[in-house]
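Have a look at data_31.txt below; it lists compact mmCIF, C-alpha atoms.
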# COMPACT_ATOMS: atom_id res chain seq x y z
CA MET O 935 95.43 108.60 111.11
CA LEU O 936 96.21 104.98 111.90
CA VAL O 937 94.59 102.71 109.39
CA THR O 938 95.38 99.02 109.46
CA SER O 939 92.70 97.76 107.13
CA GLU O 940 93.17 97.81 103.40
CA LYS O 941 89.79 99.39 102.87
CA GLN O 942 88.95 102.82 104.09
CA ALA O 943 85.61 103.23 105.85
CA PRO O 944 83.18 105.18 103.70
CA PRO O 945 82.33 108.54 105.20
CA ARG O 946 79.00 108.47 107.02
CA SER O 947 76.94 110.95 108.92
CA ARG O 948 77.38 110.87 112.68
CA THR O 949 73.91 109.45 113.48
CA ALA O 950 74.12 106.77 110.82
CA SER O 951 77.49 105.61 112.06
CA SER O 952 76.22 105.33 115.63
CA THR O 953 72.93 103.48 114.94
CA LEU O 954 74.07 101.27 112.09
CA PRO O 955 76.24 98.96 114.24
CA TRP O 956 73.21 98.35 116.43
CA VAL O 957 71.07 97.49 113.41
CA THR O 958 73.73 94.94 112.46
CA THR O 959 73.77 93.51 115.97
CA VAL O 960 69.98 93.13 116.10
CA SER O 961 69.98 91.53 112.64
CA ARG O 962 72.68 89.14 113.79
CA LEU O 963 70.70 88.10 116.85
CA VAL O 964 67.39 87.62 115.02
CA LEU O 965 69.04 85.60 112.29
CA ALA O 966 71.01 83.57 114.83
CA GLY O 967 67.90 82.85 116.90
CA VAL O 968 66.01 81.50 113.90
CA LEU O 969 68.97 79.43 112.68
CA ILE O 970 69.67 77.89 116.08
CA VAL O 971 66.02 77.03 116.73
CA ALA O 972 65.67 75.54 113.24
CA GLY O 973 68.89 73.56 113.51
CA TRP O 974 68.18 72.34 117.02
CA GLY O 975 64.73 71.11 116.01
CA LYS O 976 66.24 68.92 113.32
CA ILE O 977 69.56 67.70 114.66
CA GLY O 978 68.07 64.93 116.82
CA THR O 979 66.19 63.36 113.93
CA PRO O 980 68.47 63.45 110.90
CA VAL O 981 66.39 60.74 109.25
CA LEU O 982 63.36 63.03 109.24
CA SER O 983 65.41 65.95 108.06
CA VAL O 984 66.63 63.83 105.14
CA GLN O 985 62.94 63.07 104.43
CA SER O 986 62.17 66.78 104.41
CA VAL O 987 64.94 67.45 101.91
CA LYS O 988 63.77 64.58 99.71
CA ALA O 989 60.22 65.94 99.79
CA TYR O 990 61.44 68.94 97.77
CA LYS O 991 62.38 66.53 94.96
CA LEU O 992 65.24 68.81 93.93
CA LEU O 993 68.33 66.83 94.94
CA PRO O 994 69.42 63.27 94.18
CA ASP O 995 69.03 60.95 97.18
CA SER O 996 72.71 60.84 98.14
CA LEU O 997 72.97 64.63 98.19
CA ALA O 998 69.66 64.90 100.07
CA THR O 999 71.17 62.67 102.75
CA VAL O 1000 74.25 64.87 103.05
CA VAL O 1001 72.10 68.01 103.32
CA GLY O 1002 69.74 66.31 105.77
CA TYR O 1003 72.60 65.41 108.11
CA GLY O 1004 74.73 68.51 107.54
CA LEU O 1005 72.23 71.36 107.41
CA PRO O 1006 71.05 71.26 111.05
CA ILE O 1007 74.57 71.43 112.50
CA LEU O 1008 75.62 74.03 109.92
CA GLU O 1009 72.66 76.18 110.97
CA ILE O 1010 73.63 75.88 114.63
CA VAL O 1011 77.31 76.69 114.04
CA ILE O 1012 76.50 79.70 111.85
CA GLY O 1013 73.96 80.80 114.45
CA VAL O 1014 76.55 80.66 117.24
CA LEU O 1015 79.08 82.59 115.14
CA LEU O 1016 76.45 85.29 114.55
CA VAL O 1017 75.60 85.54 118.25
CA VAL O 1018 79.21 86.09 119.31
CA GLY O 1019 80.08 88.08 116.20
CA LEU O 1020 82.95 85.92 115.01
CA LEU O 1021 83.75 85.85 111.29
CA THR O 1022 80.61 87.93 111.08
CA ARG O 1023 80.91 88.73 107.41
CA VAL O 1024 81.35 85.09 106.40
CA ALA O 1025 78.58 83.87 108.73
CA GLY O 1026 76.24 86.60 107.46
CA GLY O 1027 77.05 85.70 103.87
CA ILE O 1028 76.41 82.00 104.42
CA SER O 1029 73.10 82.67 106.18
CA ALA O 1030 71.97 85.00 103.40
CA LEU O 1031 72.90 82.31 100.90
CA LEU O 1032 71.01 79.65 102.88
CA MET O 1033 67.89 81.82 103.03
CA LEU O 1034 68.10 82.46 99.30
CA VAL O 1035 68.31 78.71 98.65
CA PHE O 1036 65.32 78.11 100.95
CA VAL O 1037 63.26 80.74 99.12
CA ILE O 1038 64.13 79.19 95.76
CA GLY O 1039 63.34 75.70 97.07
CA ILE O 1040 59.95 76.65 98.48
CA ALA O 1041 59.05 78.66 95.39
CA SER O 1042 59.95 75.70 93.20
CA VAL O 1043 57.81 73.37 95.33
CA TRP O 1044 54.94 75.84 95.11
CA ALA O 1045 55.30 76.14 91.33
CA ARG O 1046 55.28 72.37 90.93
CA GLY O 1047 52.19 72.05 93.10
CA LEU O 1048 53.78 69.70 95.64
CA ARG O 1049 52.19 69.55 99.05
CA ILE O 1050 54.98 69.61 101.59
CA ASP O 1051 55.76 70.94 104.99
CA CYS O 1052 58.83 73.14 104.38
CA GLY O 1053 60.68 71.14 107.03
CA CYS O 1054 62.05 74.47 108.18
CA PHE O 1055 61.68 73.78 111.88
CA GLY O 1056 61.92 70.03 111.97
CA GLY O 1057 58.67 69.01 110.27
CA GLY O 1058 58.85 65.79 108.34
CA GLY O 1059 58.47 66.42 104.64
CA GLN O 1060 55.03 65.36 103.45
CA LEU O 1061 52.10 67.28 104.82
CA LYS O 1062 49.45 65.54 106.78
CA PRO O 1063 46.16 65.07 104.99
CA GLY O 1064 43.83 68.02 105.33
CA VAL O 1065 46.60 70.51 106.07
CA GLU O 1066 47.15 73.19 103.47
CA PRO O 1067 50.69 74.42 102.99
CA ASP O 1068 51.25 78.16 103.32
CA TYR O 1069 54.22 78.69 101.07
CA LEU O 1070 53.78 82.46 100.83
CA ILE O 1071 54.40 82.95 104.54
CA ASP O 1072 57.48 80.71 104.43
CA ILE O 1073 58.82 82.63 101.44
CA LEU O 1074 58.16 86.04 103.02
CA ARG O 1075 59.81 84.96 106.27
CA ASP O 1076 62.89 83.59 104.56
CA SER O 1077 63.12 86.66 102.29
CA GLY O 1078 63.10 88.87 105.38
CA LEU O 1079 65.84 86.75 106.90
CA PHE O 1080 67.77 86.98 103.64
CA VAL O 1081 67.67 90.79 103.92
CA LEU O 1082 68.97 90.54 107.49
CA GLY O 1083 71.79 88.31 106.23
CA VAL O 1084 72.70 90.91 103.62
CA VAL O 1085 72.66 93.67 106.26
CA VAL O 1086 74.97 91.62 108.49
CA THR O 1087 77.35 90.91 105.61
CA TRP O 1088 77.37 94.50 104.41
CA PHE O 1089 77.71 96.23 107.76
CA ALA O 1090 79.68 93.61 109.70
CA PRO O 1091 80.38 93.18 112.53
CA GLY O 1092 78.19 95.61 114.54
CA ARG O 1093 78.36 96.17 118.30
CA PHE O 1094 79.23 93.39 120.74
CA ALA O 1095 81.24 91.39 118.26
CA LEU O 1096 84.29 89.27 119.02
CA ASP O 1097 85.56 90.30 115.60
CA SER O 1098 86.17 93.81 116.95
CA ALA O 1099 87.72 92.55 120.18
CA LEU O 1100 90.09 90.25 118.29
CA GLY O 1101 90.96 92.88 115.72
CA LEU O 1102 89.26 91.00 112.91
CA ALA O 1103 86.82 93.79 112.13
CA PRO O 1104 87.43 95.08 108.64
CA GLU O 1105 86.48 98.65 109.48
CA ARG O 1106 87.71 100.89 112.24
CA GLU O 1107 85.27 102.96 114.23
CA PRO O 1108 85.84 106.72 114.44
CA TYR O 1109 87.01 106.52 118.06
CA ASP O 1110 89.72 104.07 117.02
CA ASP O 1111 91.15 106.78 114.83
CA MET O 1112 91.30 109.11 117.81
CA GLU O 1113 93.12 106.49 119.83
CA GLY O 1114 95.51 106.08 116.97
CA ASP O 1115 96.32 109.80 117.05
CA GLU O 1116 96.93 109.61 120.78
CA GLU O 1117 99.37 106.75 120.28
CA GLU O 1118 101.21 108.84 117.79
CA LEU O 1119 101.45 111.67 120.32
CA HIS O 1120 102.85 109.31 122.97
CA GLU O 1121 105.46 108.10 120.57
CA ARG O 1122 106.51 111.66 119.91
CA GLU O 1123 106.72 112.48 123.58
CA ASN O 1124 108.98 109.52 124.28
CA LEU O 1125 111.55 110.64 121.81
CA MET D 153 121.06 118.06 114.16
CA GLY D 154 118.52 120.31 112.49
CA LYS D 155 114.91 120.20 113.49
CA ALA D 156 113.79 119.07 110.08
CA VAL D 157 116.24 116.17 110.04
CA ARG D 158 115.19 115.06 113.53
CA GLU D 159 111.55 115.12 112.55
CA GLN D 160 112.37 113.15 109.46
CA SER D 161 114.11 110.43 111.50
CA VAL D 162 111.19 110.33 113.93
CA ARG D 163 108.84 109.89 111.02
CA ASP D 164 110.93 107.06 109.63
CA ARG D 165 110.99 105.28 112.98
CA ILE D 166 107.27 105.66 113.41
CA LYS D 167 106.77 104.38 109.92
CA ALA D 168 108.98 101.35 110.56
CA GLN D 169 107.21 100.64 113.84
CA ARG D 170 103.86 100.82 112.14
CA GLU D 171 105.03 98.52 109.40
CA GLU D 172 106.20 96.04 112.07
CA GLN D 173 102.89 96.36 113.93
CA ARG D 174 100.92 95.87 110.75
CA LYS D 175 102.77 92.65 109.99
CA LYS D 176 102.19 91.37 113.52
CA ASP D 177 98.49 92.25 113.36
CA ARG D 178 98.18 90.50 110.06
CA LEU D 179 99.75 87.30 111.37
CA ARG D 180 97.59 87.42 114.46
CA ARG D 181 94.46 87.88 112.36
CA ILE D 182 95.37 84.92 110.16
CA ALA D 183 96.00 82.76 113.22
CA THR D 184 92.70 83.79 114.83
CA VAL D 185 90.66 83.22 111.68
CA THR D 186 92.30 79.83 111.12
CA THR D 187 91.55 78.79 114.69
CA VAL D 188 87.92 79.85 114.43
CA VAL D 189 87.47 78.07 111.10
CA ILE D 190 89.02 74.88 112.47
CA VAL D 191 86.82 74.99 115.59
CA ALA D 192 83.72 75.63 113.45
CA LEU D 193 84.54 72.73 111.13
CA GLY D 194 85.22 70.54 114.16
CA ALA D 195 81.82 71.47 115.59
CA ILE D 196 80.18 70.59 112.29
CA GLY D 197 81.95 67.23 112.30
CA ALA D 198 80.94 66.55 115.90
CA GLY D 199 77.32 67.51 115.19
CA TRP D 200 77.27 65.24 112.17
CA TRP D 201 78.65 62.37 114.21
CA TYR D 202 76.10 63.03 116.95
CA ALA D 203 73.24 63.01 114.44
CA ALA D 204 74.45 59.90 112.63
CA ASN D 205 75.19 58.04 115.83
CA GLY D 206 71.77 58.77 117.34
CA SER D 207 69.94 57.30 114.37
CA LYS D 208 72.11 54.22 113.94
CA PRO D 209 69.76 51.23 113.65
CA GLU D 210 70.03 48.03 115.67
CA GLU D 211 70.28 44.69 113.93
CA VAL D 212 67.66 42.00 114.28
CA THR D 213 69.65 39.47 116.25
CA GLN D 214 67.13 36.80 117.12
CA ALA D 215 64.01 35.04 115.89
CA LEU D 216 60.95 37.30 115.84
CA ALA D 217 58.33 37.09 118.55
CA PRO D 218 55.15 35.33 117.40
CA VAL D 219 53.10 37.46 115.00
CA THR D 220 49.31 37.16 114.92
CA ALA D 221 46.78 39.13 112.91
CA SER D 222 43.67 40.22 114.80
CA ALA D 223 40.23 40.26 113.24
CA ASP D 224 40.15 44.05 112.98
CA GLY D 225 43.37 44.12 110.96
CA SER D 226 45.83 45.11 113.65
CA VAL D 227 48.77 42.75 114.03
CA VAL D 228 50.25 41.75 117.37
CA MET D 229 53.90 40.80 117.79
CA SER D 230 54.77 39.60 121.26
CA VAL D 231 56.16 36.72 123.25
CA ALA D 232 53.33 34.67 124.75
CA GLY D 233 52.22 36.11 128.08
CA VAL D 234 53.72 39.58 127.57
CA GLU D 235 50.76 41.95 127.84
CA LYS D 236 52.48 45.19 128.77
CA PRO D 237 53.80 47.65 128.05
CA VAL D 238 51.99 48.03 124.73
CA LEU D 239 53.70 49.73 121.82
CA ASP D 240 51.23 50.77 119.11
CA VAL D 241 52.81 51.37 115.71
CA TYR D 242 50.65 53.36 113.30
CA GLU D 243 52.10 53.36 109.83
CA ASP D 244 51.20 53.61 106.18
CA PHE D 245 53.08 51.43 103.69
CA GLN D 246 53.15 54.37 101.27
CA CYS D 247 54.41 57.00 103.71
CA PRO D 248 58.10 57.89 103.25
CA ALA D 249 58.54 58.98 106.88
CA CYS D 250 57.18 55.57 107.97
CA ARG D 251 59.75 53.91 105.77
CA ALA D 252 62.42 56.07 107.40
CA MET D 253 61.11 55.10 110.84
CA GLU D 254 61.20 51.40 109.91
CA GLU D 255 64.75 51.71 108.57
CA THR D 256 65.85 53.46 111.75
CA SER D 257 63.85 51.91 114.57
CA GLY D 258 62.14 48.88 112.98
CA ALA D 259 64.84 46.48 114.21
CA THR D 260 64.67 47.90 117.75
CA ILE D 261 60.92 47.32 117.85
CA LYS D 262 61.34 43.73 116.65
CA ASN D 263 64.18 43.06 119.10
CA LEU D 264 62.26 44.45 122.07
CA ALA D 265 59.30 42.24 121.23
CA ALA D 266 61.53 39.19 120.83
CA GLU D 267 63.18 39.93 124.18
CA GLY D 268 59.72 39.85 125.74
CA LYS D 269 59.99 43.47 126.85
CA VAL D 270 56.96 44.77 125.00
CA LYS D 271 53.79 43.82 123.20
CA VAL D 272 53.91 45.44 119.78
CA VAL D 273 50.68 46.18 117.91
CA TYR D 274 51.04 47.20 114.27
CA HIS D 275 48.25 49.23 112.71
CA PRO D 276 48.81 49.39 108.95
CA ILE D 277 46.54 52.23 107.87
CA THR D 278 45.95 54.41 104.83
CA ILE D 279 46.26 58.10 105.62
CA PHE D 280 46.28 59.60 102.13
CA SER D 281 43.03 61.06 100.86
CA GLN D 282 41.78 60.80 97.30
CA ASP D 283 42.75 64.39 96.45
CA VAL D 284 46.47 63.77 96.94
CA ASN D 285 48.14 63.19 93.56
CA ASN D 286 44.77 62.32 92.00
CA GLY D 287 44.41 59.31 94.22
CA VAL D 288 47.61 57.60 93.06
CA THR D 289 49.12 57.71 96.55
CA ARG D 290 45.96 56.44 98.21
CA GLY D 291 45.63 53.66 95.63
CA ASN D 292 49.17 52.45 96.37
CA SER D 293 48.56 52.49 100.10
CA LEU D 294 45.20 50.70 99.88
CA ARG D 295 46.54 47.92 97.63
CA ALA D 296 49.48 47.30 99.94
CA GLY D 297 47.38 47.48 103.10
CA ALA D 298 44.72 45.19 101.70
CA ALA D 299 47.36 42.69 100.58
CA SER D 300 48.91 42.58 104.06
CA ARG D 301 45.46 41.77 105.42
CA CYS D 302 45.44 38.61 103.31
CA ILE D 303 48.21 37.19 105.50
CA PRO D 304 47.02 35.64 108.77
CA GLY D 305 50.27 36.45 110.61
CA GLY D 306 53.50 34.64 111.28
CA THR D 307 56.97 35.64 110.19
CA ALA D 308 55.61 35.82 106.65
CA TRP D 309 53.55 38.86 107.66
CA ALA D 310 56.59 40.56 109.19
CA LYS D 311 58.73 39.82 106.14
CA PHE D 312 56.00 41.07 103.80
CA HIS D 313 55.65 44.20 105.93
CA ASP D 314 59.40 44.87 105.65
CA ARG D 315 59.38 44.14 101.92
CA LEU D 316 56.58 46.64 101.31
CA PHE D 317 58.59 49.42 102.92
CA LYS D 318 61.66 48.38 101.00
CA GLU D 319 59.78 48.49 97.70
CA GLN D 320 57.86 51.68 98.51
CA PRO D 321 57.19 53.62 95.29
CA ALA D 322 57.29 57.41 94.98
CA GLU D 323 54.01 59.00 96.05
CA THR D 324 53.31 60.29 92.56
CA VAL D 325 53.93 57.00 90.76
CA GLU D 326 51.62 54.03 90.66
CA GLY D 327 53.36 51.16 92.43
CA PHE D 328 52.57 48.18 94.64
CA LYS D 329 51.17 46.41 91.56
CA LEU D 330 48.98 43.43 92.32
CA ASP D 331 51.27 40.91 90.61
CA ASP D 332 54.25 42.22 92.55
CA LEU D 333 52.33 42.04 95.81
CA VAL D 334 51.49 38.38 95.17
CA ALA D 335 55.10 37.58 94.28
CA TRP D 336 56.51 39.37 97.36
CA GLY D 337 54.02 37.50 99.55
CA LYS D 338 55.15 34.15 98.15
CA GLU D 339 58.81 35.16 98.68
CA ALA D 340 57.99 36.15 102.24
CA GLY D 341 56.75 32.63 102.81
CA VAL D 342 52.98 33.07 102.66
CA THR D 343 51.41 29.66 102.23
CA ALA D 344 47.80 30.56 103.00
CA GLU D 345 45.29 29.15 100.57
CA GLY D 346 43.72 31.83 98.41
CA PHE D 347 46.38 34.46 99.14
CA ALA D 348 46.84 35.28 95.47
CA THR D 349 43.10 35.62 94.88
CA CYS D 350 42.69 37.67 98.02
CA VAL D 351 45.33 40.11 96.79
CA THR D 352 44.33 40.33 93.15
CA SER D 353 40.62 40.74 93.88
CA GLN D 354 41.47 43.39 96.49
CA GLN D 355 38.92 41.69 98.68
CA LYS D 356 40.22 43.43 101.81
CA ALA D 357 40.44 46.96 100.39
CA PRO D 358 37.10 48.17 101.87
CA GLU D 359 38.13 46.78 105.28
CA GLN D 360 41.47 48.57 105.01
CA ALA D 361 39.73 51.87 104.19
CA ASP D 362 37.16 51.54 106.99
CA TYR D 363 39.76 50.51 109.54
CA SER D 364 41.94 53.47 108.59
CA THR D 365 39.13 56.00 109.02
CA LYS D 366 38.18 54.44 112.33
CA ILE D 367 41.75 54.34 113.68
CA LEU D 368 42.64 57.85 112.51
CA GLN D 369 39.76 59.20 114.56
CA ALA D 370 39.89 56.84 117.52
CA ALA D 371 43.62 57.21 118.07
CA GLY D 372 43.57 60.94 117.35
CA LEU D 373 46.49 60.62 114.96
CA SER D 374 47.98 63.73 113.42
CA GLY D 375 49.95 61.68 110.92
CA THR D 376 52.15 58.66 110.41
CA PRO D 377 54.34 57.23 111.67
CA THR D 378 53.03 57.50 115.21
CA LEU D 379 54.27 55.33 118.04
CA LYS D 380 52.28 55.09 121.25
CA LEU D 381 53.63 53.58 124.40
CA ASN D 382 50.82 52.53 126.73
CA GLY D 383 48.57 54.92 124.87
CA THR D 384 50.87 57.93 125.11
CA GLU D 385 52.36 59.28 121.90
CA ILE D 386 56.15 59.08 121.65
CA GLY D 387 57.84 62.13 120.13
CA ASN D 388 59.71 61.86 116.86
CA ASP D 389 62.98 62.64 118.59
CA VAL D 390 62.60 59.36 120.50
CA ALA D 391 60.83 57.33 117.80
CA PHE D 392 63.66 58.05 115.35
CA ASN D 393 66.43 57.41 117.86
CA PRO D 394 66.81 53.63 118.43
CA ALA D 395 68.72 53.97 121.71
CA ASP D 396 66.20 56.42 123.19
CA LEU D 397 63.27 54.33 121.97
CA ARG D 398 64.73 51.24 123.60
CA LYS D 399 65.22 53.13 126.84
CA ALA D 400 61.66 54.52 126.79
CA VAL D 401 60.21 51.04 126.30
CA LEU D 402 62.41 49.46 128.97
CA ASP D 403 61.51 52.24 131.42
CA ALA D 404 57.82 51.57 130.76
CA ALA D 405 58.39 47.84 131.31
CA LYS D 406 59.79 48.38 134.81
Could you write out this structure as structure tokens?
Amino acid sequence: MLVTSEKQAPPRSRTASSTLPWVTTVSRLVLAGVLIVAGWGKIGTPVLSVQSVKAYKLLPDSLATVVGYGLPILEIVIGVLLVVGLLTRVAGGISALLMLVFVIGIASVWARGLRIDCGCFGGGGQLKPGVEPDYLIDILRDSGLFVLGVVVTWFAPGRFALDSALGLAPEREPYDDMEGDEEELHERENL
Amino acid sequence: MGKAVREQSVRDRIKAQREEQRKKDRLRRIATVTTVVIVALGAIGAGWWYAANGSKPEEVTQALAPVTASADGSVVMSVAGVEKPVLDVYEDFQCPACRAMEETSGATIKNLAAEGKVKVVYHPITIFSQDVNNGVTRGNSLRAGAASRCIPGGTAWAKFHDRLFKEQPAETVEGFKLDDLVAWGKEAGVTAEGFATCVTSQQKAPEQADYSTKILQAAGLSGTPTLKLNGTEIGNDVAFNPADLRKAVLDAAK
């Protein structure tokens, strides 16, 4: 058996090993879609996105400015990496981490009784009068996305990933092993 | 050569080849990952630059266009004779997003008016209701709005307007104290008789509240800041992008 990765793939049942990569791919795409839409909605108005971060009253102003300017583009870049399946494990890890931070942020706002728009998709911080925030839905959504991020990180890179094409995938698929055996046979024949 | 020895040498060669291949693969992986990381960081840098560049404010380069307060409390800033296009600016002195809009696009609005390209109409309103932060936020906004109504217009009004945004307190803290408002007005160059009394007695507060209710409904505002160009709301992506805002106004002036 030809094994180039340090870690050996854990043995899985045949059905699990054929559907799991697809689950990863779907998770990647959902997560990427949300991140790209969210980032795109904010990147044109960094001033508003800084406002949204400040509305959480969690970070000092200078840091809120950095996050306000940096987060939208970070979301877009991570989203693109997830779509094409490059550095999948890292991108999945960062998105899971982001979602976790969002959940904590929203929960903290809820606990402190602040009335804010989560700013998730480009809203501008303070809620308009008469609008009630629905923190639970935001938290549930981001928790779901966090789970997807964990799935992507755990079972990277899934089908249709550049990681596999470029030989960056940490695990070899079963058919790769078969190819490896064939190579070995060729080598023997040539001798 | 015996069969066993031959097989052994074959094994060794295969092993060496694999070792070689493994090294090559490893180098290639490192190179690929490094490239991707560099490209990703570059994209982040470019996106940052794009965001920062788009929201870079103009500087006020010339004397302001004449500023006159109307009876209803709206304030017009335009060169004499310029009647269109009309840019309505709905803002609340206590609203952080309005402050952000002023910091980003305030100079562009002033410049466009001074260039005679647009008639600017400011509507300082109070959008916060009494149930927000136990009325602290609304109180701040009403005091500031009422104080601005004590100024009949002129550059003093514009300076006071800018000062209020600069001194904007947090929404949860009582700010815009009456004494401060009087002092800032004097520093802005307000000479009107009775300005201090007008501010400290909060004579204009009921007017400010009524005007706000009326405007919020009449203009169909969903929040502040809102910019309207010839009655049509301008999206935040334009309102918070000085270059785009300038272009939108100039296009409307054609």
Residues within 10 Å of Gly197 of chain D, only C-alpha atoms, excluding chain neighbours under 4 positions, as a ChimeraX atom specification: /O:1004,1007-1008 /D:191-193,201-203
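Within 6 Å of chain O, chain D contributes the residues Ile196, Gly199, Ala203, Gly375 and Asp389 of chain D, using all atoms listed in the file.
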Non-local contacts of segment 308-313 of chain D (7 Å; all atoms listed in the file; under 5 positions in same chain excluded) as a PyMOL selection string: chain D and resi 300+303+336-337+340-342
C-alpha atoms of the current selection, written as a compact mmCIF listing (two decimals), in the frame of the given file:
# COMPACT_ATOMS: atom_id res chain seq x y z
CA SER D 300 48.91 42.58 104.06
CA ILE D 303 48.21 37.19 105.50
CA TRP D 336 56.51 39.37 97.36
CA GLY D 337 54.02 37.50 99.55
CA ALA D 340 57.99 36.15 102.24
CA GLY D 341 56.75 32.63 102.81
CA VAL D 342 52.98 33.07 102.66
Selection: 7 Å around segment 283-295 of chain D, all atoms listed in the file, excl. self and same-chain fewer than 2 positions, as a ChimeraX atom specification: /D:244-246,278,280-281,297-299,323-328,354,357,360
Spatial neighbours of Val227 of chain D, 6 Å, only C-alpha atoms, chain gap at least 5 places, as JSON, numbers by chain: {"D": [220, 221, 222, 273, 274]}
Close residues, segment 377-386 of chain D itself excluded, 9 Å, all atoms listed in the file, min 3 positions apart in chain, as a list in words: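 Counting all atoms listed in the file, the residues come to Lys236, Pro237, Val238, Leu239, Asp240, Val241, Tyr242, Glu243, Asp244, Cys247, Ala249, Cys250, Arg251, Met253, Ala371, Leu373, Ser374, Asp389, Val390, Ala391, Leu397, Ala400, Val401 and Ala404 of chain D.
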Show me, as AutoDock Vina command-line options, the centre and edge lengths in Å to one decimal of the axis-aligned box that covers every listed atom of segment 296-302 of chain D with 4 Å on each side.
--center_x 47.1 --center_y 43.0 --center_z 102.7 --size_x 12.8 --size_y 16.9 --size_z 13.5
Distance in Å - atom CA of Glu339 of chain D versus atom CA of Asn263 of chain D: 22.5 Å
Length of the atom CA of Leu402 of chain D to atom CA of Glu235 of chain D vector [Å]: 13.9 Å
Between atom CA of Gly1078 of chain O and atom CA of Ser951 of chain O, distance in Å (one decimal): 23.1 Å
Can you list every residue of segment 1011-1101 of chain O that has an atom at most 12 Å from segment 966-971 of chain O, with its nearest atom pair and the distance in Å to one decimal, using only C-alpha atoms, ordered by chain then number, as a Markdown table?
| residue | atom | partner | partner_atom | distance |
| --- | --- | --- | --- | --- |
| O:Val1011 | CA | O:Ile970 | CA | 8.0 |
| O:Ile1012 | CA | O:Ala966 | CA | 7.3 |
| O:Gly1013 | CA | O:Ala966 | CA | 4.1 |
| O:Val1014 | CA | O:Ala966 | CA | 6.7 |
| O:Leu1015 | CA | O:Ala966 | CA | 8.1 |
| O:Leu1016 | CA | O:Ala966 | CA | 5.7 |
| O:Val1017 | CA | O:Ala966 | CA | 6.1 |
| O:Val1018 | CA | O:Ala966 | CA | 9.7 |
| O:Gly1019 | CA | O:Ala966 | CA | 10.2 |
| O:Thr1022 | CA | O:Ala966 | CA | 11.2 |
| O:Ala1025 | CA | O:Ala966 | CA | 9.7 |
| O:Gly1026 | CA | O:Ala966 | CA | 9.5 |
| O:Ile1028 | CA | O:Leu969 | CA | 11.4 |
| O:Ser1029 | CA | O:Leu969 | CA | 8.4 |
| O:Ala1030 | CA | O:Leu969 | CA | 11.2 |
| O:Leu1032 | CA | O:Leu969 | CA | 10.0 |
| O:Met1033 | CA | O:Leu969 | CA | 10.0 |
| O:Cys1054 | CA | O:Leu969 | CA | 9.6 |
| O:Phe1055 | CA | O:Val971 | CA | 7.3 |
| O:Gly1056 | CA | O:Val971 | CA | 9.4 |
| O:Arg1075 | CA | O:Val968 | CA | 10.4 |
| O:Asp1076 | CA | O:Val968 | CA | 10.1 |
| O:Gly1078 | CA | O:Val968 | CA | 11.6 |
| O:Leu1079 | CA | O:Val968 | CA | 8.8 |
| O:Phe1080 | CA | O:Val968 | CA | 11.8 |
| O:Leu1082 | CA | O:Ala966 | CA | 10.3 |
| O:Gly1083 | CA | O:Ala966 | CA | 9.9 |
| O:Val1086 | CA | O:Ala966 | CA | 11.0 |
